[in-house]
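Undergrad: My structure file work_30.txt, compact mmCIF, C-alpha atoms, is below:
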# COMPACT_ATOMS: atom_id res chain seq x y z
CA MET A 1 23.03 -11.99 -7.03
CA ARG A 2 26.42 -10.36 -7.64
CA THR A 3 25.83 -10.25 -11.40
CA ARG A 4 22.41 -8.69 -10.89
CA ALA A 5 23.87 -6.12 -8.50
CA LEU A 6 26.57 -5.09 -10.95
CA LEU A 7 24.00 -4.72 -13.73
CA ARG A 8 21.96 -2.50 -11.43
CA LEU A 9 25.01 -0.28 -10.88
CA TRP A 10 25.45 0.03 -14.64
CA GLU A 11 21.75 0.95 -15.07
CA LEU A 12 22.13 3.72 -12.52
CA GLY A 13 24.47 5.47 -14.93
CA ALA A 14 27.75 4.25 -13.50
CA ILE A 15 30.73 3.52 -15.72
CA GLY A 16 29.92 -0.05 -16.54
CA ALA A 17 32.10 -2.74 -15.04
CA ILE A 18 34.40 -0.35 -13.17
CA ALA A 19 31.80 1.75 -11.39
CA PHE A 20 31.94 -0.36 -8.24
CA ALA A 21 35.73 -0.30 -8.11
CA VAL A 22 36.96 3.16 -9.12
CA PRO A 23 35.14 6.50 -8.81
CA THR A 24 34.77 8.86 -11.76
CA LEU A 25 36.02 11.78 -9.66
CA HIS A 26 34.11 14.11 -11.94
CA ALA A 27 30.60 15.50 -12.08
CA GLN A 28 30.73 17.55 -15.29
CA ALA A 29 28.12 15.30 -16.91
CA ALA A 30 26.18 14.56 -13.73
CA ALA A 31 22.82 15.06 -15.41
CA PRO A 32 21.41 15.39 -18.92
CA THR A 33 20.36 18.84 -20.10
CA ASP A 34 17.67 17.48 -22.46
CA SER A 35 14.30 16.96 -20.73
CA VAL A 36 13.58 13.70 -22.57
CA LEU A 37 16.99 12.33 -21.62
CA LYS A 38 16.33 13.30 -18.00
CA ARG A 39 13.15 11.27 -18.13
CA ALA A 40 15.06 8.33 -19.61
CA GLN A 41 17.60 8.53 -16.79
CA ARG A 42 14.82 8.50 -14.19
CA LEU A 43 13.22 5.46 -15.82
CA VAL A 44 16.49 3.53 -15.71
CA ALA A 45 17.12 4.59 -12.11
CA ASP A 46 13.62 3.36 -11.20
CA GLY A 47 14.35 -0.08 -12.63
CA GLN A 48 12.64 0.46 -15.98
CA GLY A 49 15.84 0.05 -17.97
CA ALA A 50 14.25 -1.15 -21.22
CA ALA A 51 11.81 1.78 -21.33
CA GLY A 52 14.52 4.29 -20.52
CA ARG A 53 16.90 2.99 -23.15
CA ALA A 54 14.13 2.91 -25.76
CA LEU A 55 13.46 6.57 -25.03
CA VAL A 56 17.13 7.42 -25.52
CA ASP A 57 17.15 5.50 -28.82
CA THR A 58 14.27 7.72 -29.98
CA VAL A 59 16.22 10.87 -29.12
CA VAL A 60 19.29 9.58 -30.99
CA ALA A 61 17.19 8.91 -34.09
CA GLN A 62 15.46 12.29 -33.97
CA ALA A 63 18.69 14.23 -33.36
CA ALA A 64 20.52 13.01 -36.47
CA ALA A 65 20.53 16.51 -37.96
CA GLN A 66 21.22 18.29 -34.66
CA PRO A 67 24.93 17.70 -33.78
CA ALA A 68 24.80 19.24 -30.31
CA ARG A 69 21.76 17.25 -29.23
CA LEU A 70 23.02 14.09 -30.90
CA ALA A 71 26.32 14.22 -28.99
CA GLU A 72 24.46 14.43 -25.68
CA ALA A 73 22.03 11.68 -26.69
CA LEU A 74 24.86 9.34 -27.71
CA PHE A 75 26.66 10.02 -24.46
CA TRP A 76 23.62 9.16 -22.38
CA ARG A 77 22.78 6.13 -24.45
CA ALA A 78 26.27 4.95 -23.54
CA ALA A 79 25.92 5.87 -19.86
CA LEU A 80 22.61 4.02 -19.60
CA ALA A 81 23.59 1.08 -21.80
CA GLU A 82 22.93 -2.45 -20.59
CA GLN A 83 26.32 -3.72 -21.76
CA ALA A 84 29.76 -2.12 -21.58
CA ALA A 85 30.51 -2.98 -25.22
CA SER A 86 27.52 -0.95 -26.41
CA ALA A 87 28.51 1.92 -24.18
CA GLU A 88 32.04 1.94 -25.51
CA LYS A 89 30.81 2.12 -29.09
CA ASP A 90 28.73 5.24 -28.39
CA TYR A 91 31.48 6.88 -26.33
CA GLN A 92 33.79 6.38 -29.31
CA ARG A 93 31.25 8.03 -31.60
CA VAL A 94 31.11 11.06 -29.32
CA THR A 95 34.89 11.47 -29.29
CA VAL A 96 35.26 10.91 -33.05
CA GLU A 97 32.15 12.44 -34.61
CA HIS A 98 31.65 15.16 -32.00
CA ALA A 99 35.20 15.92 -30.89
CA LEU A 100 34.36 19.59 -30.36
CA SER A 101 31.32 18.81 -28.22
CA PRO A 102 31.43 19.49 -24.45
CA TRP A 103 30.50 15.80 -24.02
CA SER A 104 33.70 14.62 -25.69
CA GLY A 105 35.89 15.01 -22.61
CA GLU A 106 33.62 12.98 -20.35
CA ALA A 107 33.33 10.31 -23.05
CA LEU A 108 37.13 10.10 -23.29
CA LEU A 109 37.38 9.72 -19.53
CA ARG A 110 34.91 6.84 -19.53
CA LEU A 111 36.61 5.15 -22.46
CA GLY A 112 39.88 5.26 -20.56
CA GLN A 113 38.24 3.87 -17.44
CA LEU A 114 36.61 1.05 -19.38
CA ALA A 115 39.99 0.10 -20.88
CA TYR A 116 41.54 0.31 -17.41
CA ALA A 117 38.89 -2.02 -16.03
CA ARG A 118 39.74 -4.57 -18.71
CA GLY A 119 43.41 -4.38 -17.79
CA GLU A 120 44.32 -2.65 -21.05
CA ARG A 121 46.68 -0.11 -19.53
CA THR A 122 48.17 1.12 -22.82
CA ALA A 123 44.77 1.87 -24.34
CA ALA A 124 43.67 3.54 -21.13
CA LEU A 125 46.77 5.73 -21.06
CA ARG A 126 46.18 6.83 -24.63
CA ALA A 127 42.65 7.92 -23.79
CA PHE A 128 43.78 9.82 -20.70
CA GLU A 129 46.66 11.47 -22.62
CA ARG A 130 44.24 12.61 -25.29
CA LEU A 131 41.85 13.88 -22.63
CA VAL A 132 44.59 15.96 -20.97
CA VAL A 133 45.57 17.52 -24.30
CA GLU A 134 42.17 18.15 -25.85
CA GLN A 135 40.44 19.28 -22.64
CA ALA A 136 43.36 21.25 -21.22
CA GLU A 137 41.23 24.30 -20.41
CA THR A 138 38.27 22.46 -18.90
CA PRO A 139 37.51 21.20 -15.36
CA ILE A 140 37.90 17.58 -16.48
CA ALA A 141 41.62 18.00 -17.32
CA PRO A 142 42.85 17.42 -13.72
CA VAL A 143 40.84 14.18 -13.64
CA GLY A 144 42.63 13.03 -16.78
CA LEU A 145 45.96 13.93 -15.21
CA PHE A 146 45.10 11.89 -12.13
CA TRP A 147 44.27 8.82 -14.20
CA LYS A 148 47.36 9.31 -16.34
CA GLY A 149 49.50 9.40 -13.21
CA ARG A 150 47.80 6.39 -11.71
CA VAL A 151 48.35 4.24 -14.81
CA LEU A 152 51.97 5.36 -15.18
CA LEU A 153 52.66 4.49 -11.54
CA GLU A 154 51.40 0.98 -12.21
CA GLN A 155 53.69 0.77 -15.24
CA GLY A 156 56.71 1.83 -13.19
CA GLU A 157 57.07 5.25 -14.86
CA THR A 158 57.37 6.97 -11.51
CA GLY A 159 58.93 10.25 -12.62
CA VAL A 160 56.35 11.04 -15.32
CA ALA A 161 53.55 9.73 -13.12
CA CYS A 162 54.48 12.03 -10.26
CA GLU A 163 54.60 15.03 -12.58
CA ALA A 164 51.07 14.23 -13.74
CA LEU A 165 49.83 13.87 -10.16
CA ARG A 166 51.46 17.14 -9.10
CA GLU A 167 49.83 18.91 -12.02
CA ALA A 168 46.47 17.31 -11.22
CA ASN A 169 46.70 18.60 -7.67
CA ARG A 170 47.75 22.07 -8.85
CA ARG A 171 44.86 22.39 -11.29
CA ALA A 172 42.11 20.71 -9.29
CA ALA A 173 39.38 23.03 -8.06
CA PRO A 174 39.34 23.68 -4.29
CA SER A 175 35.91 22.06 -4.13
CA ALA A 176 37.10 18.85 -5.81
CA LEU A 177 37.77 17.14 -2.49
CA GLU A 178 37.40 13.56 -3.74
CA LEU A 179 39.85 14.17 -6.56
CA ARG A 180 42.34 15.84 -4.24
CA ASN A 181 42.11 12.97 -1.76
CA GLN A 182 42.73 10.40 -4.50
CA VAL A 183 45.67 12.37 -5.86
CA GLU A 184 47.16 12.70 -2.39
CA PHE A 185 46.84 8.96 -1.80
CA TYR A 186 48.74 8.01 -4.96
CA ALA A 187 51.19 10.89 -4.60
CA GLN A 188 52.56 9.33 -1.40
CA ARG A 189 54.86 7.36 -3.69
CA CYS A 190 56.25 10.64 -5.04
CA ARG A 191 57.69 12.06 -1.85
CA ASP A 192 61.23 11.09 -2.78
CA VAL A 193 60.84 11.86 -6.50
CA ALA A 194 62.24 15.24 -7.51
CA PRO A 195 60.21 17.34 -9.98
CA ALA A 196 61.45 16.85 -13.54
CA ALA A 197 62.53 19.67 -15.81
CA ALA A 198 59.81 20.96 -18.13
CA ALA A 199 59.70 19.14 -21.44
CA PRO A 200 60.19 21.18 -24.64
CA PRO A 201 57.14 21.87 -26.83
CA SER A 202 58.22 19.21 -29.31
CA ALA A 203 58.25 16.39 -26.74
CA THR A 204 56.64 13.23 -28.11
CA MET A 205 53.46 11.98 -26.50
CA PRO A 206 51.54 8.75 -27.07
CA ALA A 207 49.43 8.43 -30.21
CA PRO A 208 45.67 8.96 -29.79
CA ILE A 209 43.26 6.09 -29.52
CA PRO A 210 42.27 4.42 -32.82
CA ALA A 211 39.99 6.33 -35.18
CA ALA A 212 40.44 9.59 -33.29
CA THR A 213 39.85 12.64 -35.43
CA ALA A 214 42.15 14.65 -33.22
CA ALA A 215 45.34 12.82 -34.25
CA THR A 216 48.36 15.15 -34.25
CA ALA A 217 51.63 15.67 -36.07
CA ALA A 218 55.10 17.14 -35.81
CA THR A 219 55.33 20.93 -35.61
CA THR A 220 57.00 22.89 -38.38
CA GLY A 221 57.94 25.70 -36.04
CA THR A 222 58.01 26.62 -32.37
CA VAL A 223 54.72 26.59 -30.51
CA PRO A 224 53.73 29.32 -28.05
CA PRO A 225 53.54 28.09 -24.43
CA ALA A 226 49.81 28.77 -24.20
CA VAL A 227 49.22 26.50 -27.18
CA ALA A 228 51.89 23.84 -26.67
CA ASP A 229 49.89 21.88 -24.11
CA LYS A 230 47.17 21.40 -26.72
CA THR A 231 49.43 19.73 -29.25
CA MET A 232 51.20 16.39 -29.63
CA THR A 233 53.80 15.15 -32.06
CA LYS A 234 53.81 12.19 -34.40
CA SER A 235 56.19 10.25 -36.60
CA PRO A 236 57.26 12.30 -39.67
CA LYS A 237 54.78 11.99 -42.52
CA SER A 238 52.31 14.13 -44.39
CA THR A 239 49.43 15.25 -42.21
CA TRP A 240 46.19 17.15 -42.78
CA PHE A 241 45.32 20.34 -40.93
CA LEU A 242 42.65 23.02 -40.84
CA GLN A 243 44.28 26.37 -41.61
CA VAL A 244 42.41 29.23 -39.99
CA SER A 245 44.58 32.25 -40.82
CA ALA A 246 48.05 33.54 -41.75
CA HIS A 247 49.85 36.52 -40.23
CA GLN A 248 52.92 38.60 -40.99
CA LYS A 249 53.68 39.01 -37.27
CA ARG A 250 54.16 36.02 -34.99
CA ALA A 251 52.57 37.88 -32.08
CA ASP A 252 49.34 38.22 -34.07
CA ALA A 253 49.42 34.52 -34.94
CA GLU A 254 49.96 33.53 -31.31
CA LYS A 255 47.08 35.73 -30.22
CA ALA A 256 44.79 34.10 -32.78
CA ALA A 257 45.93 30.63 -31.69
CA ARG A 258 45.29 31.38 -28.02
CA THR A 259 41.79 32.54 -28.87
CA LEU A 260 41.13 29.24 -30.61
CA VAL A 261 42.59 27.26 -27.71
CA ASN A 262 40.29 29.08 -25.31
CA ARG A 263 37.39 28.02 -27.52
CA GLY A 264 38.46 24.38 -27.20
CA TYR A 265 40.39 23.88 -30.45
CA ALA A 266 43.79 22.15 -30.64
CA ALA A 267 45.39 25.18 -32.31
CA ARG A 268 49.04 25.83 -33.11
CA VAL A 269 51.31 28.30 -34.90
CA ASP A 270 53.37 26.91 -37.79
CA GLY A 271 56.35 28.53 -39.45
CA THR A 272 59.66 30.09 -38.48
CA SER A 273 59.19 33.17 -40.68
CA ALA A 274 56.28 35.11 -42.15
CA PRO A 275 53.64 34.20 -42.97
CA PHE A 276 52.92 32.51 -39.63
CA ARG A 277 50.00 30.12 -40.09
CA VAL A 278 47.43 29.27 -37.45
CA ARG A 279 46.25 25.69 -37.82
CA ILE A 280 44.05 23.17 -36.07
CA GLY A 281 44.88 19.46 -36.03
CA GLY A 282 46.42 17.52 -37.58
CA TYR A 283 44.37 14.68 -38.92
CA ALA A 284 45.22 11.25 -40.23
CA SER A 285 43.28 11.79 -43.46
CA GLU A 286 41.74 14.49 -45.63
CA ALA A 287 38.30 13.07 -44.85
CA ASP A 288 38.79 13.51 -41.10
CA ALA A 289 39.97 17.09 -41.61
CA THR A 290 37.03 17.88 -43.87
CA LYS A 291 34.54 16.61 -41.27
CA ASP A 292 35.95 18.96 -38.64
CA GLN A 293 36.09 21.78 -41.22
CA VAL A 294 32.32 21.49 -41.59
CA ARG A 295 31.84 21.49 -37.82
CA ALA A 296 34.18 24.47 -37.36
CA LYS A 297 32.30 26.51 -39.96
CA LYS A 298 29.00 25.73 -38.23
CA LYS A 299 30.55 27.06 -35.03
CA GLY A 300 31.38 30.37 -36.71
CA LEU A 301 34.98 29.92 -37.89
CA LYS A 302 35.27 31.60 -41.28
CA GLY A 303 37.88 31.02 -43.95
CA VAL A 304 38.88 27.61 -42.59
CA ARG A 305 40.46 25.44 -45.27
CA VAL A 306 41.95 21.96 -45.37
CA VAL A 307 45.70 21.83 -46.04
CA LYS A 308 48.25 19.04 -46.36
CA VAL A 309 51.57 19.58 -44.57
CA GLU A 310 54.72 17.56 -45.11
CA ALA A 311 56.52 17.08 -41.80
CA PRO A 312 60.27 17.78 -41.95
Translate this file's structure into structure tokens.
TA:
Amino acid sequence: MRTRALLRLWELGAIGAIAFAVPTLHAQAAAPTDSVLKRAQRLVADGQGAAGRALVDTVVAQAAAQPARLAEALFWRAALAEQAASAEKDYQRVTVEHALSPWSGEALLRLGQLAYARGERTAALRAFERLVVEQAETPIAPVGLFWKGRVLLEQGETGVACEALREANRRAAPSALELRNQVEFYAQRCRDVAPAAAAPPSATMPAPIPAATAATAATTGTVPPAVADKTMTKSPKSTWFLQVSAHQKRADAEKAARTLVNRGYAARVDGTSAPFRVRIGGYASEADATKDQVRAKKKGLKGVRVVKVEAP
């Protein structure tokens, strides 16, 4: 009976094995936007799991040439999957192949929660760290900060954990009562922990989860505050980037980078003297960079080119 009950929870669109234990604390992807996917969700909720999942499979097949629709279809195939392993595979596809999609953040959150449920705290932390960086300007970012803080508390990293929880509380929407309550509960352990000094823009953060197209690298110059929270550093080596523009004045470069950040790109300003280059990335390979170059051009970014940068 218990096994059947847990499967039922998964079919209702919960986050697989952890749905009964830890809440998502987020409703950004509470319902599909595609009418066929809505029908599939209703079928699964009504106990017709096989029919609902078959319908989603049809949408995935038909949306192969429609990136925006495919990202949503993959996400919901994962959310309605019968097994957690299948769900994880599709969530990974969303975060790798559709990193610029609005579904990417929710997929990252669920990947982290699945890893957490398996007791893989390091993998979970990587997913939550990536979520916080890549979705810094979205409503899901405070949720990622909460989970980051929770995992770090369990690992004994109290100082960093408390900073994450304080930031989650600061950035949570007033209406996010469940999130605020959860943050407050875990933050009780932070009452005697003094706030840490702000880390410099070049502070090292954990590497992204395997196969992530949003892998990052060491900066070659200072990063403006508005952009720094979108970047991470990496061990020195050559790294691939998308170069969007170059400017003679740093102020112009920073303005261009902020515009990109507001559009959801992990943008940065490179260089200590003119020309100041605005870049997105970096990427672990030229192939990864080229894939996002194609996506960026489809989204209206002109003059984007792939460049290789040797870290100092």
Undergrad: Considering only C-alpha atoms, can you say which of A:Arg53, A:Pro275, A:Thr95, A:Gly144 comes closest to Gln83 (chain A)?
TA: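 Nearest to Gln83 (chain A): A:Arg53.
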Undergrad: Please list as a PyMOL selection string every residue within 10 Å of region 62-76 of chain A, counting all atoms listed in the file and excluding residues in the same chain fewer than 3 positions away.
TA: chain A and resi 13+29+31-34+36-38+40-41+53+56-59+79-81+87-95+97-104+106-107+295
Undergrad: Using C-alpha atoms, can you write the selected residues to a file as a PDB file, in the frame of the given file?
TA:
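Final output, part19.pdb:
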ATOM      1  CA  GLY A  13      24.470   5.470 -14.930  1.00  0.00           C
ATOM      2  CA  ALA A  29      28.120  15.300 -16.910  1.00  0.00           C
ATOM      3  CA  ALA A  31      22.820  15.060 -15.410  1.00  0.00           C
ATOM      4  CA  PRO A  32      21.410  15.390 -18.920  1.00  0.00           C
ATOM      5  CA  THR A  33      20.360  18.840 -20.100  1.00  0.00           C
ATOM      6  CA  ASP A  34      17.670  17.480 -22.460  1.00  0.00           C
ATOM      7  CA  VAL A  36      13.580  13.700 -22.570  1.00  0.00           C
ATOM      8  CA  LEU A  37      16.990  12.330 -21.620  1.00  0.00           C
ATOM      9  CA  LYS A  38      16.330  13.300 -18.000  1.00  0.00           C
ATOM     10  CA  ALA A  40      15.060   8.330 -19.610  1.00  0.00           C
ATOM     11  CA  GLN A  41      17.600   8.530 -16.790  1.00  0.00           C
ATOM     12  CA  ARG A  53      16.900   2.990 -23.150  1.00  0.00           C
ATOM     13  CA  VAL A  56      17.130   7.420 -25.520  1.00  0.00           C
ATOM     14  CA  ASP A  57      17.150   5.500 -28.820  1.00  0.00           C
ATOM     15  CA  THR A  58      14.270   7.720 -29.980  1.00  0.00           C
ATOM     16  CA  VAL A  59      16.220  10.870 -29.120  1.00  0.00           C
ATOM     17  CA  ALA A  79      25.920   5.870 -19.860  1.00  0.00           C
ATOM     18  CA  LEU A  80      22.610   4.020 -19.600  1.00  0.00           C
ATOM     19  CA  ALA A  81      23.590   1.080 -21.800  1.00  0.00           C
ATOM     20  CA  ALA A  87      28.510   1.920 -24.180  1.00  0.00           C
ATOM     21  CA  GLU A  88      32.040   1.940 -25.510  1.00  0.00           C
ATOM     22  CA  LYS A  89      30.810   2.120 -29.090  1.00  0.00           C
ATOM     23  CA  ASP A  90      28.730   5.240 -28.390  1.00  0.00           C
ATOM     24  CA  TYR A  91      31.480   6.880 -26.330  1.00  0.00           C
ATOM     25  CA  GLN A  92      33.790   6.380 -29.310  1.00  0.00           C
ATOM     26  CA  ARG A  93      31.250   8.030 -31.600  1.00  0.00           C
ATOM     27  CA  VAL A  94      31.110  11.060 -29.320  1.00  0.00           C
ATOM     28  CA  THR A  95      34.890  11.470 -29.290  1.00  0.00           C
ATOM     29  CA  GLU A  97      32.150  12.440 -34.610  1.00  0.00           C
ATOM     30  CA  HIS A  98      31.650  15.160 -32.000  1.00  0.00           C
ATOM     31  CA  ALA A  99      35.200  15.920 -30.890  1.00  0.00           C
ATOM     32  CA  LEU A 100      34.360  19.590 -30.360  1.00  0.00           C
ATOM     33  CA  SER A 101      31.320  18.810 -28.220  1.00  0.00           C
ATOM     34  CA  PRO A 102      31.430  19.490 -24.450  1.00  0.00           C
ATOM     35  CA  TRP A 103      30.500  15.800 -24.020  1.00  0.00           C
ATOM     36  CA  SER A 104      33.700  14.620 -25.690  1.00  0.00           C
ATOM     37  CA  GLU A 106      33.620  12.980 -20.350  1.00  0.00           C
ATOM     38  CA  ALA A 107      33.330  10.310 -23.050  1.00  0.00           C
ATOM     39  CA  ARG A 295      31.840  21.490 -37.820  1.00  0.00           C
TER      40      ARG A 295
END
Undergrad: Any idea what the distance is between CA of Leu111 (chain A) and CA of Val143 (chain A)?
TA: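 Pair CA of Leu111 (chain A) / CA of Val143 (chain A) returns 13.3 Å.
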Undergrad: In Å, how far is it from CA of Asp288 (chain A) to CA of Ala124 (chain A)?
TA: 22.8 Å
Undergrad: Smallest atom-to-atom distance to Val309 (chain A): which of A:Arg171, A:Arg39, A:Lys297, A:Arg277, using all atoms listed in the file?
TA: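 Among A:Arg171, A:Arg39, A:Lys297, A:Arg277, it is A:Arg277 that comes nearest to Val309 (chain A).
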Undergrad: Report as a list in words all protein, DNA and RNA residues lying within 10 Å of Leu153 (chain A), evaluated on all atoms listed in the file, omitting residues in the same chain fewer than 2 positions from it.
TA: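 After dropping sequence-adjacent residues, the list is Trp147, Lys148, Gly149, Arg150, Val151, Gln155, Gly156, Glu157, Thr158, Gly159, Val160, Ala161, Cys162, Leu165, Tyr186, Ala187, Arg189 and Cys190 of chain A.
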Undergrad: Hey, what's within 6 Å of region 244-252 of chain A if we count only C-alpha atoms and toss same-chain stuff fewer than 3 positions away? As a ChimeraX atom specification, please?
TA: /A:255,274-279,304
Undergrad: Would you mind exporting C-alpha atoms of the selected residues as a compact mmCIF listing (two decimals), in the coordinates of the input?
TA:
# COMPACT_ATOMS: atom_id res chain seq x y z
CA LYS A 255 47.08 35.73 -30.22
CA ALA A 274 56.28 35.11 -42.15
CA PRO A 275 53.64 34.20 -42.97
CA PHE A 276 52.92 32.51 -39.63
CA ARG A 277 50.00 30.12 -40.09
CA VAL A 278 47.43 29.27 -37.45
CA ARG A 279 46.25 25.69 -37.82
CA VAL A 304 38.88 27.61 -42.59
Undergrad: Which residue out of A:Arg258, A:Lys308, A:Arg180, A:Lys299 has the minimum interatomic distance to Glu137 (chain A) when only C-alpha atoms are used?
TA: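 So, comparing all the options, the nearest one is A:Arg258.
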Undergrad: One decimal, Å: what's the distance from CA of Glu163 (chain A) over to CA of Val132 (chain A), could you say?
TA: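 If I compute the distance from CA of Glu163 (chain A) to CA of Val132 (chain A), I get 13.1 Å.
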Undergrad: For Gly112 (chain A), list every protein, DNA or RNA residue within 7 Å, evaluated using all atoms listed in the file, and leave out those in the same chain fewer than 6 positions away; present the list as a ChimeraX atom specification.
TA: /A:124-125,127-128
Undergrad: For a quick check of understanding, using all atoms listed in the file, which of A:Asp292, A:Glu254, A:Glu129, A:Glu82 has the smallest distance to Gly271 (chain A)?
TA: A:Glu254
Undergrad: May I have the centre and edge lengths, in Å to one decimal, of an axis-aligned box around the listed atoms of region 172-177 of chain A with 5 Å added to every side, as JSON?
TA:
{"center_x": 39.0, "center_y": 20.4, "center_z": -5.9, "size_x": 16.2, "size_y": 16.5, "size_z": 16.8}
Undergrad: Pick out the residues sitting within 7 Å of Thr239 (chain A), and hand them over as an NGL selection string; count only C-alpha atoms, and ignore anything fewer than 4 positions along from it in its own chain.
TA: :A and (217 or 282-284 or 308-310)
